[in-house]
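Enquirer: Let me give you the structure first, and then I'll get to my questions.
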Amino acid sequence: MIIRYALFEGEIHPGREEEFRAFVRERLVPLWTKFPGAEEIRVLDGMERDEGAPVYAMALAIRYPDMDAVNTALSSDVRFESREITGELLRLFTGKVHHHVFQANEYSPAAA
């Protein structure tokens with residue numbers, strides 16, 4: 001399986017955290033769940049980090065079965081619509097957004 005991350009490296013403007021998170025829930029999640037081939041959408045809100053580590057306000061993780069599905073989603077109309085709306089979200093944020101694609105390998109924890 002493939003997971004494509006959008007990492008929001010930086011900070012939400014002080015006092016606008018709930019507005020940022022509501023915008024994501026109400027305006028972007030409905031679009032992200034329409035990406036063709038997407039099997040799971042996770043929005044991860046940054047909470048804590050190691051001392052000295054970069055700040056990630058949010059990470060978006062979308063799981064796809066394979067790279068063909070990723071490429072289909074990246075060329076879809078809904079992706080272009082979500083990019084436009086993400087531009088509005090970035091007015092509440094100082095930083096940069098970058099994307100990473102990972103091959104996911106899952107392992108179960110050992111039984112006690």
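Chain identifiers are assigned as A, B, and so on, following the order in which chains appear in the structure tokens; residues are numbered from 1 within each chain, and ligands are numbered from 1 in order of appearance.
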List the spatial neighbours of Lys34 in chain A as a list of chain:residue names - criterion: any atom at most 10 Å away, only C-alpha atoms, same-chain residues fewer than 2 positions off excluded.
Expert: A:Val29, A:Pro30, A:Leu31, A:Trp32, A:Pro36, A:Gly37, A:Ala38, A:Ile41, A:Ala73, A:Ser76, A:Val78, A:Arg79
Enquirer: Let's have the selection written as an mmCIF file, in the first residue's frame, with N, CA and C atoms.
Expert:
```
data_model
loop_
_atom_site.group_PDB
_atom_site.id
_atom_site.type_symbol
_atom_site.label_atom_id
_atom_site.label_comp_id
_atom_site.auth_asym_id
_atom_site.auth_seq_id
_atom_site.Cartn_x
_atom_site.Cartn_y
_atom_site.Cartn_z
ATOM 1 N N VAL A 29 -11.888 18.122 4.271
ATOM 2 C CA VAL A 29 -12.129 16.687 4.434
ATOM 3 C C VAL A 29 -13.196 16.181 3.457
ATOM 4 N N PRO A 30 -14.299 16.906 3.248
ATOM 5 C CA PRO A 30 -15.282 16.411 2.268
ATOM 6 C C PRO A 30 -14.699 16.236 0.853
ATOM 7 N N LEU A 31 -13.729 17.048 0.489
ATOM 8 C CA LEU A 31 -13.074 16.892 -0.815
ATOM 9 C C LEU A 31 -12.077 15.738 -0.790
ATOM 10 N N TRP A 32 -11.256 15.686 0.249
ATOM 11 C CA TRP A 32 -10.237 14.647 0.314
ATOM 12 C C TRP A 32 -10.856 13.258 0.294
ATOM 13 N N PRO A 36 -10.280 9.893 -6.002
ATOM 14 C CA PRO A 36 -10.456 8.550 -6.564
ATOM 15 C C PRO A 36 -9.345 7.615 -6.090
ATOM 16 N N GLY A 37 -9.737 6.429 -5.679
ATOM 17 C CA GLY A 37 -8.777 5.418 -5.251
ATOM 18 C C GLY A 37 -8.354 5.514 -3.803
ATOM 19 N N ALA A 38 -8.701 6.594 -3.120
ATOM 20 C CA ALA A 38 -8.307 6.737 -1.715
ATOM 21 C C ALA A 38 -9.035 5.700 -0.871
ATOM 22 N N ILE A 41 -8.409 8.251 4.789
ATOM 23 C CA ILE A 41 -7.926 9.623 4.962
ATOM 24 C C ILE A 41 -7.747 9.840 6.457
ATOM 25 N N ALA A 73 -5.498 10.014 -8.598
ATOM 26 C CA ALA A 73 -5.986 11.032 -7.663
ATOM 27 C C ALA A 73 -5.316 12.382 -7.926
ATOM 28 N N SER A 76 -6.908 14.252 -10.761
ATOM 29 C CA SER A 76 -8.364 14.389 -10.698
ATOM 30 C C SER A 76 -8.790 15.836 -10.483
ATOM 31 N N VAL A 78 -11.046 16.851 -8.433
ATOM 32 C CA VAL A 78 -11.245 17.125 -7.004
ATOM 33 C C VAL A 78 -9.927 17.529 -6.345
ATOM 34 N N ARG A 79 -8.806 17.005 -6.818
ATOM 35 C CA ARG A 79 -7.527 17.412 -6.254
ATOM 36 C C ARG A 79 -7.246 18.884 -6.558
#
```
Enquirer: For the strand (DSSP E) assignment from backbone DSSP, which residues of range 25-98 of chain A qualify? Please present them as a ChimeraX atom specification.
Expert: /A:40-45,56-64,93-98
Enquirer: Set the distance at 6 Å and use only C-alpha atoms: which residues neighbour range 3-9 of chain A once local chain neighbours fewer than 2 positions away are removed? I'd like the list as a CSV table (one decimal) with C-alpha atoms, in the first residue's frame.
Expert:
```csv
chain,number,residue,atom,x,y,z
A,55,VAL,CA,6.8,22.2,14.2
A,56,TYR,CA,4.2,20.3,12.1
A,57,ALA,CA,0.7,21.9,12.6
A,58,MET,CA,-0.9,19.1,10.7
A,59,ALA,CA,-0.3,16.1,8.5
A,60,LEU,CA,-2.7,14.7,6.0
A,61,ALA,CA,-2.2,11.0,5.2
A,62,ILE,CA,-4.1,9.4,2.3
A,63,ARG,CA,-3.8,5.6,1.8
A,95,GLY,CA,5.1,27.8,7.0
A,96,LYS,CA,5.2,25.5,4.1
A,97,VAL,CA,3.4,22.4,2.9
A,98,HIS,CA,5.3,19.5,1.3
A,99,HIS,CA,4.3,16.1,0.2
A,100,HIS,CA,6.0,12.7,0.6
A,101,VAL,CA,5.0,9.3,-0.7
A,102,PHE,CA,5.8,6.2,1.3
```
Enquirer: If DSSP is run on the backbone, what residues of range 5-92 of chain A are alpha helix (DSSP H)? A reply as a PyMOL selection string would be ideal.
Expert: chain A and resi 17-23+29-32+67-74+77-89
Enquirer: Selection from above, N, CA, C and O atoms, as a short mmCIF file (atom, residue, chain, number, x, y, z; two decimals), in the first residue's frame, can you write it?
Expert:
```
data_model
loop_
_atom_site.label_atom_id
_atom_site.label_comp_id
_atom_site.auth_asym_id
_atom_site.auth_seq_id
_atom_site.Cartn_x
_atom_site.Cartn_y
_atom_site.Cartn_z
N GLU A 17 -6.33 28.55 15.96
CA GLU A 17 -6.21 27.09 15.86
C GLU A 17 -7.55 26.41 15.60
O GLU A 17 -7.65 25.55 14.71
N GLU A 18 -8.58 26.79 16.34
CA GLU A 18 -9.89 26.15 16.14
C GLU A 18 -10.47 26.52 14.77
O GLU A 18 -11.09 25.68 14.11
N GLU A 19 -10.28 27.73 14.34
CA GLU A 19 -10.73 28.14 13.01
C GLU A 19 -10.03 27.31 11.93
O GLU A 19 -10.67 26.84 10.97
N PHE A 20 -8.73 27.09 12.08
CA PHE A 20 -7.95 26.28 11.15
C PHE A 20 -8.51 24.86 11.10
O PHE A 20 -8.81 24.33 10.03
N ARG A 21 -8.69 24.27 12.27
CA ARG A 21 -9.15 22.87 12.32
C ARG A 21 -10.58 22.72 11.81
O ARG A 21 -10.90 21.75 11.14
N ALA A 22 -11.44 23.69 12.10
CA ALA A 22 -12.82 23.66 11.60
C ALA A 22 -12.83 23.80 10.08
O ALA A 22 -13.60 23.13 9.39
N PHE A 23 -11.98 24.66 9.54
CA PHE A 23 -11.87 24.84 8.09
C PHE A 23 -11.50 23.50 7.44
O PHE A 23 -12.10 23.10 6.44
N VAL A 29 -11.89 18.12 4.27
CA VAL A 29 -12.13 16.69 4.43
C VAL A 29 -13.20 16.18 3.46
O VAL A 29 -13.01 15.13 2.84
N PRO A 30 -14.30 16.91 3.25
CA PRO A 30 -15.28 16.41 2.27
C PRO A 30 -14.70 16.24 0.85
O PRO A 30 -15.12 15.33 0.12
N LEU A 31 -13.73 17.05 0.49
CA LEU A 31 -13.07 16.89 -0.81
C LEU A 31 -12.08 15.74 -0.79
O LEU A 31 -12.04 14.91 -1.71
N TRP A 32 -11.26 15.69 0.25
CA TRP A 32 -10.24 14.65 0.31
C TRP A 32 -10.86 13.26 0.29
O TRP A 32 -10.29 12.33 -0.27
N MET A 67 0.59 2.95 -6.78
CA MET A 67 0.97 4.23 -7.38
C MET A 67 0.04 4.64 -8.52
O MET A 67 -0.14 5.84 -8.76
N ASP A 68 -0.56 3.68 -9.21
CA ASP A 68 -1.53 4.05 -10.25
C ASP A 68 -2.69 4.83 -9.63
O ASP A 68 -3.15 5.82 -10.20
N ALA A 69 -3.15 4.39 -8.48
CA ALA A 69 -4.25 5.09 -7.80
C ALA A 69 -3.80 6.47 -7.35
O ALA A 69 -4.57 7.45 -7.46
N VAL A 70 -2.57 6.60 -6.85
CA VAL A 70 -2.04 7.91 -6.46
C VAL A 70 -2.05 8.85 -7.67
O VAL A 70 -2.53 9.99 -7.59
N ASN A 71 -1.53 8.38 -8.77
CA ASN A 71 -1.45 9.22 -9.97
C ASN A 71 -2.82 9.61 -10.49
O ASN A 71 -3.02 10.74 -10.96
N THR A 72 -3.79 8.70 -10.40
CA THR A 72 -5.16 9.03 -10.79
C THR A 72 -5.71 10.13 -9.90
O THR A 72 -6.31 11.10 -10.38
N ALA A 73 -5.50 10.01 -8.60
CA ALA A 73 -5.99 11.03 -7.66
C ALA A 73 -5.32 12.38 -7.93
O ALA A 73 -5.97 13.43 -7.89
N LEU A 74 -4.01 12.36 -8.20
CA LEU A 74 -3.28 13.61 -8.42
C LEU A 74 -3.71 14.35 -9.69
O LEU A 74 -3.53 15.55 -9.78
N ASP A 77 -10.00 16.14 -10.93
CA ASP A 77 -10.56 17.48 -10.74
C ASP A 77 -10.69 17.83 -9.26
O ASP A 77 -10.46 18.97 -8.86
N VAL A 78 -11.05 16.85 -8.43
CA VAL A 78 -11.24 17.12 -7.00
C VAL A 78 -9.93 17.53 -6.35
O VAL A 78 -9.90 18.36 -5.44
N ARG A 79 -8.81 17.00 -6.82
CA ARG A 79 -7.53 17.41 -6.25
C ARG A 79 -7.25 18.88 -6.56
O ARG A 79 -6.80 19.63 -5.69
N PHE A 80 -7.54 19.30 -7.78
CA PHE A 80 -7.30 20.70 -8.14
C PHE A 80 -8.23 21.63 -7.36
O PHE A 80 -7.83 22.72 -6.94
N GLU A 81 -9.45 21.17 -7.13
CA GLU A 81 -10.39 21.95 -6.31
C GLU A 81 -9.86 22.06 -4.87
O GLU A 81 -9.90 23.13 -4.26
N SER A 82 -9.36 20.96 -4.33
CA SER A 82 -8.87 20.99 -2.95
C SER A 82 -7.62 21.86 -2.83
O SER A 82 -7.43 22.53 -1.81
N ARG A 83 -6.79 21.90 -3.85
CA ARG A 83 -5.60 22.77 -3.81
C ARG A 83 -6.01 24.24 -3.74
O ARG A 83 -5.40 25.03 -3.03
N GLU A 84 -7.04 24.58 -4.49
CA GLU A 84 -7.52 25.96 -4.47
C GLU A 84 -8.03 26.35 -3.08
O GLU A 84 -7.71 27.41 -2.56
N ILE A 85 -8.81 25.47 -2.48
CA ILE A 85 -9.36 25.74 -1.15
C ILE A 85 -8.26 25.71 -0.09
O ILE A 85 -8.29 26.49 0.87
N THR A 86 -7.25 24.87 -0.27
CA THR A 86 -6.12 24.85 0.66
C THR A 86 -5.42 26.20 0.67
O THR A 86 -4.93 26.64 1.71
N GLY A 87 -5.41 26.89 -0.46
CA GLY A 87 -4.84 28.24 -0.51
C GLY A 87 -5.51 29.16 0.48
O GLY A 87 -4.86 30.02 1.10
N GLU A 88 -6.82 29.02 0.66
CA GLU A 88 -7.55 29.82 1.66
C GLU A 88 -7.11 29.43 3.07
O GLU A 88 -6.93 30.30 3.94
N LEU A 89 -6.93 28.14 3.31
CA LEU A 89 -6.50 27.66 4.63
C LEU A 89 -5.14 28.24 5.00
O LEU A 89 -4.90 28.59 6.16
#
```
Enquirer: Which residue gives the smallest distance to Arg91 in chain A among A:Ile2, A:Glu51, A:Arg16, A:Thr33, with only C-alpha atoms counted?
Expert: A:Arg16
